[in-house]
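Trainee: One structure follows; several queries about it will come next.
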Amino acid sequence: IFFRYLNLKEHRMNRCLGFLLATIWLSTGWAAADTYDFPIDNKFLATVVGTPPEYRAELPDRIPLKRRSIDIFEDREAPEAVWFDEKLRYSQALQEGPAPLVFLIAGTGASYNGAKNVNMARAFYQAGFHVVSISSPTSMNFIVAASRSGVPGHAVEDAEDIYRVMEHIWGTLQDKIEVTDFYVTGYSLGGFNAAFVTWLDEKKQTFNFRKALLINPPVRLYSSISLLDRMLENIPGGIDNFPQFYDRLVEQLTRVYKNSDSVDIGEDFLFQAVEAVNPDNEELAALIGVSFRVSSANMAYTSDLMTDAGYIKPENVTMRKNSSTFAFSKVAHRLGFTDFYHVYFYPYHKEKDPSLTRDKLIESMSLTSIEDYLRSAEKIEVMHNVDDIILEPGEIDFFPNVFGDRARIYPRGGHCGNMDFRDNVAHMVNVFRQ
């Protein structure tokens with residue numbers, strides 16, 4: 001989350017962001033509270049800082065991870081202001097011999113080479129998989145280069161865009177490597193996307209995925225984005241005081257950095273920073289909310305550029321390479337995910353289908369819309385946390401109810417905070433080894 005404040009391009013800690021179990025869960029699929037030693041009980045702190053270094057899985061420092069780019073729509077010309085995003089960027093790490101291939105889908109607004117995707121790539125490559133990492137369909141590069149509509153957020157349309165990307169990438173690889181099976185996984189929104197990609201693959205059968213793993217997915221996108229928007233209410237004085245909140249944070253981080261022995265702004269620095277700043281729960285929630293607000297602003301502004309809808313910038317105003325975005329940035333950061341939904345996203349889809357209601361669209365952006373498929377799809381498994389901050393009260397029950405013993409529910413970890421924990425990484429890999 002702190003990386004977003006420092007605007008480190010292409011190195012955003014995915015905004016994958018406690019309640020403790022009242023009893024020791026004994027039913028199959030629930031991780032027993034007394035045997036799970038992830039060390040952070042606070043769901044907000046776990047979401048922000050992730051897994052302490054000494055508790056992380058042992059992974060190789062380096063794998064042959066190569067960055068690549070590809071044309072998805074060869075006849076598409078990107079708006080001048082985002083000319084650098086005309087090709088879709090992704091990464092791959094390939095084994096020397098025959099191996100299964102796993103596609104990794106990043107979370108909300110995150111890049112293919114964000115920290116969580118890179119760590120998953122290291123884990124799966126070490127386990128003997130070919131790995132292909134893909135950015136979120138809500139990321140700026142994906143919207144420009146790979147979204148057919150330029151309006152991300154629709155569960156089925158996003159899945160179709162991701163699937164098209166996977167097919168194009170596979171087209172570049174199929175004569176170079178031998179693949180024994182295909183797998184797909186993703187975290188946060190990427191986990192949600194993976195469910196619909198697997199559902200779509202049942203029809204298209206390009207990959208016939210052997211297994212899919214959903215990591216910390218939302219149940220209903222609208223519920224989750226509403227929760228994240230409301231976290232900004234934790235900024236002292238409200239959203240109007242965001243500049244002061246931001247400036248104070250940067251000042252504190254700069255002080256920690258100057259006193260640090262390391263010049264690398266990585267996960268270890270993040271732990272030092274949080275220890276020094278010592279934010280309370282309200283400040284942690286505000287950090288998470290602002291991080292997702294940055295994702296929302298980037299998504300909305302980029303989509304508006306692609307469609308010229310007049311949501312953030314006036315219609316027919318052409319942005320050039322050197323055009324100032326300051327005024328539009330101020331507008332974009334005042335608008336949340338729910339604003340995007342009601343003012344831009346819903347009217348866009350309503351125009352295509354006049355019978356569409358807001359409630360119907362909300363329901364279509366939910367795992368409940370494919371619940372019957374998820375119940376029967378033995379190939380799909382879930383890894384989640386009881387105290388995940390993007391779930392409404394009671395929503396965690398959806399996963400054991402629908403997936404049964406295909407759901408591994410941990411007692412703590414916040415939103416994706418335990419993804420690098422040794423037990424979680426071991427389970428992640430073992431799902432695809434079965």
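Chain labels A, B, ... are given in the sequence in which chains occur in the structure tokens; within each chain residues are numbered consecutively from 1, and ligands are likewise numbered from 1 in the order shown.
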Skip Phe432 (chain A) itself and residues of its chain fewer than 4 positions away, then list as JSON, numbers by chain all residues within 8 Å of it, counting only C-alpha atoms.
Mentor: {"A": [183, 211, 212, 428]}
Trainee: For those residues, write N, CA and C atoms to a file as a tab-separated table (two decimals), in the first residue's frame.
Mentor:
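Saved the output as selection-v7.tsv:
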```
chain	number	residue	atom	x	y	z
A	183	TYR	N	-3.48	-24.66	-15.66
A	183	TYR	CA	-4.06	-24.27	-14.38
A	183	TYR	C	-4.25	-22.76	-14.38
A	211	LYS	N	-7.19	-27.54	-12.88
A	211	LYS	CA	-7.54	-27.01	-11.56
A	211	LYS	C	-7.54	-25.49	-11.63
A	212	ALA	N	-8.35	-24.88	-10.75
A	212	ALA	CA	-8.34	-23.43	-10.54
A	212	ALA	C	-8.35	-23.18	-9.04
A	428	MET	N	-1.22	-23.66	-1.58
A	428	MET	CA	-1.41	-23.15	-2.92
A	428	MET	C	-0.79	-24.09	-3.96
```
Trainee: Residues near region 80-97 of chain A, anyone? I mean within 8 Å using only C-alpha atoms, not counting same-chain ones fewer than 6 positions away, as a PyMOL selection string.
Mentor: chain A and resi 63-72+112-113+121+125+128-135+140-142+144-146+177-178+319-323
Trainee: Emit the selected residues as a CSV table (one decimal), in the first residue's frame, including N, CA, C and O atoms.
Mentor:
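out-v6.csv, freshly written:
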```csv
chain,number,residue,atom,x,y,z
A,63,ILE,N,14.2,-16.4,-10.5
A,63,ILE,CA,13.7,-17.4,-11.5
A,63,ILE,C,13.9,-16.8,-12.9
A,63,ILE,O,14.0,-15.5,-12.9
A,64,PRO,N,13.8,-17.5,-13.9
A,64,PRO,CA,14.0,-16.9,-15.3
A,64,PRO,C,12.7,-16.2,-15.7
A,64,PRO,O,12.1,-16.6,-16.7
A,65,LEU,N,12.3,-15.2,-15.0
A,65,LEU,CA,11.1,-14.4,-15.3
A,65,LEU,C,11.4,-13.4,-16.3
A,65,LEU,O,12.2,-12.4,-16.1
A,66,LYS,N,10.8,-13.5,-17.5
A,66,LYS,CA,11.0,-12.6,-18.6
A,66,LYS,C,9.8,-11.8,-18.9
A,66,LYS,O,8.7,-12.2,-18.9
A,67,ARG,N,10.0,-10.5,-19.1
A,67,ARG,CA,8.9,-9.6,-19.4
A,67,ARG,C,8.7,-9.6,-20.9
A,67,ARG,O,9.7,-9.6,-21.7
A,68,ARG,N,7.4,-9.6,-21.3
A,68,ARG,CA,7.1,-9.7,-22.7
A,68,ARG,C,5.9,-8.7,-22.9
A,68,ARG,O,5.3,-8.2,-22.0
A,69,SER,N,5.7,-8.4,-24.2
A,69,SER,CA,4.5,-7.5,-24.6
A,69,SER,C,3.9,-8.1,-25.8
A,69,SER,O,4.6,-8.8,-26.6
A,70,ILE,N,2.6,-7.8,-26.0
A,70,ILE,CA,1.9,-8.5,-27.1
A,70,ILE,C,0.8,-7.6,-27.6
A,70,ILE,O,0.2,-6.9,-26.8
A,71,ASP,N,0.5,-7.6,-28.9
A,71,ASP,CA,-0.7,-6.9,-29.5
A,71,ASP,C,-1.9,-7.8,-29.3
A,71,ASP,O,-1.9,-8.9,-29.8
A,72,ILE,N,-2.9,-7.3,-28.7
A,72,ILE,CA,-4.2,-8.1,-28.6
A,72,ILE,C,-5.1,-7.7,-29.7
A,72,ILE,O,-5.7,-8.5,-30.3
A,112,TYR,N,1.0,-7.3,-13.7
A,112,TYR,CA,1.5,-8.6,-13.8
A,112,TYR,C,2.7,-8.9,-12.9
A,112,TYR,O,3.0,-10.0,-12.5
A,113,ASN,N,3.5,-7.8,-12.7
A,113,ASN,CA,4.8,-8.0,-12.0
A,113,ASN,C,4.7,-7.3,-10.6
A,113,ASN,O,5.8,-6.9,-10.0
A,121,ALA,N,4.7,-16.6,-8.7
A,121,ALA,CA,5.5,-17.1,-9.8
A,121,ALA,C,6.7,-17.9,-9.3
A,121,ALA,O,7.0,-19.0,-9.8
A,125,TYR,N,7.1,-21.8,-10.0
A,125,TYR,CA,8.2,-22.2,-10.8
A,125,TYR,C,9.1,-23.2,-10.1
A,125,TYR,O,9.5,-24.2,-10.6
A,128,GLY,N,7.9,-26.6,-10.3
A,128,GLY,CA,8.0,-27.3,-11.6
A,128,GLY,C,7.0,-26.9,-12.6
A,128,GLY,O,6.8,-27.5,-13.6
A,129,PHE,N,6.4,-25.7,-12.5
A,129,PHE,CA,5.4,-25.2,-13.4
A,129,PHE,C,6.0,-24.2,-14.4
A,129,PHE,O,6.8,-23.4,-14.0
A,130,HIS,N,5.5,-24.2,-15.6
A,130,HIS,CA,5.6,-23.0,-16.4
A,130,HIS,C,4.7,-21.9,-15.8
A,130,HIS,O,3.6,-22.3,-15.3
A,131,VAL,N,5.1,-20.7,-15.9
A,131,VAL,CA,4.3,-19.6,-15.3
A,131,VAL,C,4.1,-18.5,-16.2
A,131,VAL,O,5.0,-18.0,-16.8
A,132,VAL,N,2.8,-18.0,-16.4
A,132,VAL,CA,2.5,-16.8,-17.1
A,132,VAL,C,1.7,-15.9,-16.2
A,132,VAL,O,0.7,-16.3,-15.6
A,133,SER,N,2.2,-14.6,-16.0
A,133,SER,CA,1.6,-13.7,-15.1
A,133,SER,C,0.9,-12.6,-15.9
A,133,SER,O,1.5,-12.0,-16.8
A,134,ILE,N,-0.4,-12.3,-15.6
A,134,ILE,CA,-1.2,-11.3,-16.3
A,134,ILE,C,-1.7,-10.2,-15.3
A,134,ILE,O,-2.0,-10.5,-14.2
A,135,SER,N,-1.8,-9.0,-15.8
A,135,SER,CA,-2.3,-7.9,-15.0
A,135,SER,C,-3.8,-8.0,-14.8
A,135,SER,O,-4.5,-8.7,-15.6
A,140,MET,N,-4.4,-0.1,-15.8
A,140,MET,CA,-4.4,0.8,-16.9
A,140,MET,C,-3.9,0.2,-18.2
A,140,MET,O,-4.5,0.4,-19.2
A,141,ASN,N,-2.8,-0.6,-18.1
A,141,ASN,CA,-2.3,-1.2,-19.3
A,141,ASN,C,-3.3,-2.2,-19.9
A,141,ASN,O,-3.5,-2.2,-21.2
A,142,PHE,N,-3.9,-3.0,-19.1
A,142,PHE,CA,-4.9,-3.9,-19.6
A,142,PHE,C,-6.1,-3.2,-20.2
A,142,PHE,O,-6.6,-3.6,-21.3
A,144,VAL,N,-6.2,-0.3,-21.7
A,144,VAL,CA,-5.9,0.2,-23.0
A,144,VAL,C,-5.6,-0.8,-24.0
A,144,VAL,O,-6.0,-0.7,-25.2
A,145,ALA,N,-4.9,-1.9,-23.7
A,145,ALA,CA,-4.4,-2.9,-24.6
A,145,ALA,C,-5.3,-4.1,-24.8
A,145,ALA,O,-5.2,-4.7,-25.9
A,146,ALA,N,-6.1,-4.4,-23.8
A,146,ALA,CA,-6.7,-5.7,-23.9
A,146,ALA,C,-8.2,-5.8,-23.6
A,146,ALA,O,-8.9,-6.8,-23.8
A,177,ILE,N,7.3,-24.6,-26.1
A,177,ILE,CA,7.3,-25.4,-24.9
A,177,ILE,C,6.3,-26.5,-25.0
A,177,ILE,O,5.4,-26.5,-25.8
A,178,GLU,N,6.5,-27.5,-24.1
A,178,GLU,CA,5.5,-28.6,-24.0
A,178,GLU,C,4.8,-28.5,-22.7
A,178,GLU,O,5.4,-28.4,-21.6
A,319,MET,N,-6.5,14.5,-24.9
A,319,MET,CA,-5.3,14.5,-24.1
A,319,MET,C,-4.1,14.1,-24.9
A,319,MET,O,-4.1,13.1,-25.6
A,320,ARG,N,-3.1,15.0,-24.9
A,320,ARG,CA,-1.9,14.7,-25.6
A,320,ARG,C,-0.8,14.1,-24.7
A,320,ARG,O,-1.0,14.0,-23.5
A,321,LYS,N,0.3,13.8,-25.3
A,321,LYS,CA,1.4,13.2,-24.5
A,321,LYS,C,1.8,14.0,-23.3
A,321,LYS,O,2.1,13.5,-22.2
A,322,ASN,N,1.9,15.3,-23.5
A,322,ASN,CA,2.4,16.2,-22.5
A,322,ASN,C,1.3,17.0,-21.8
A,322,ASN,O,1.5,18.0,-21.1
A,323,SER,N,0.0,16.6,-22.0
A,323,SER,CA,-1.1,17.4,-21.4
A,323,SER,C,-1.1,17.2,-19.9
A,323,SER,O,-0.8,16.1,-19.4
```
Trainee: Counting only C-alpha atoms, which residues of region 125-237 of chain A fall within 9 Å of region 414-426 of chain A, and what is the closest atom pair for each with its distance in Å at one decimal, ordered by chain and rising number, as CSV?
Mentor:
```
residue,atom,partner,partner_atom,distance
A:Tyr187,CA,A:Cys416,CA,7.4
A:Ser188,CA,A:Cys416,CA,7.3
A:Ile215,CA,A:Cys416,CA,7.7
A:Asn216,CA,A:Cys416,CA,6.3
```
Trainee: Quick check, in Å to one decimal: how far apart do CA of Phe73 (chain A) and CA of Gly150 (chain A) lie?
Mentor: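 Separation of CA of Phe73 (chain A) and CA of Gly150 (chain A): 12.2 Å.
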Trainee: For Gly413 (chain A), which residue among A:Ile396, A:Leu45, A:Leu287, A:Ile370 is the nearest when counting only C-alpha atoms?
Mentor: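 Of A:Ile396, A:Leu45, A:Leu287, A:Ile370, the one nearest Gly413 (chain A) is A:Leu45, counting only C-alpha atoms.
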Trainee: Within 12 Å of region 341-353 of chain A, which residues of region 53-154 of chain A come that close, and what is the closest atom pair and distance in Å for each? Count only C-alpha atoms and give it as a tab-separated table.
Mentor:
```
residue	atom	partner	partner_atom	distance
A:Ser149	CA	A:Tyr348	CA	10.2
A:Gly150	CA	A:Phe345	CA	10.9
A:Val151	CA	A:Phe345	CA	7.3
A:Pro152	CA	A:Phe345	CA	8.5
A:Gly153	CA	A:Phe345	CA	8.0
A:His154	CA	A:Phe345	CA	8.8
```
Trainee: Mind listing the strand (DSSP E or B) residues of region 21-254 of chain A, per DSSP on the backbone, as a PyMOL selection string?
Mentor: chain A and resi 30+56+65-70+88-93+99-105+130-134+179-187+211-215+220
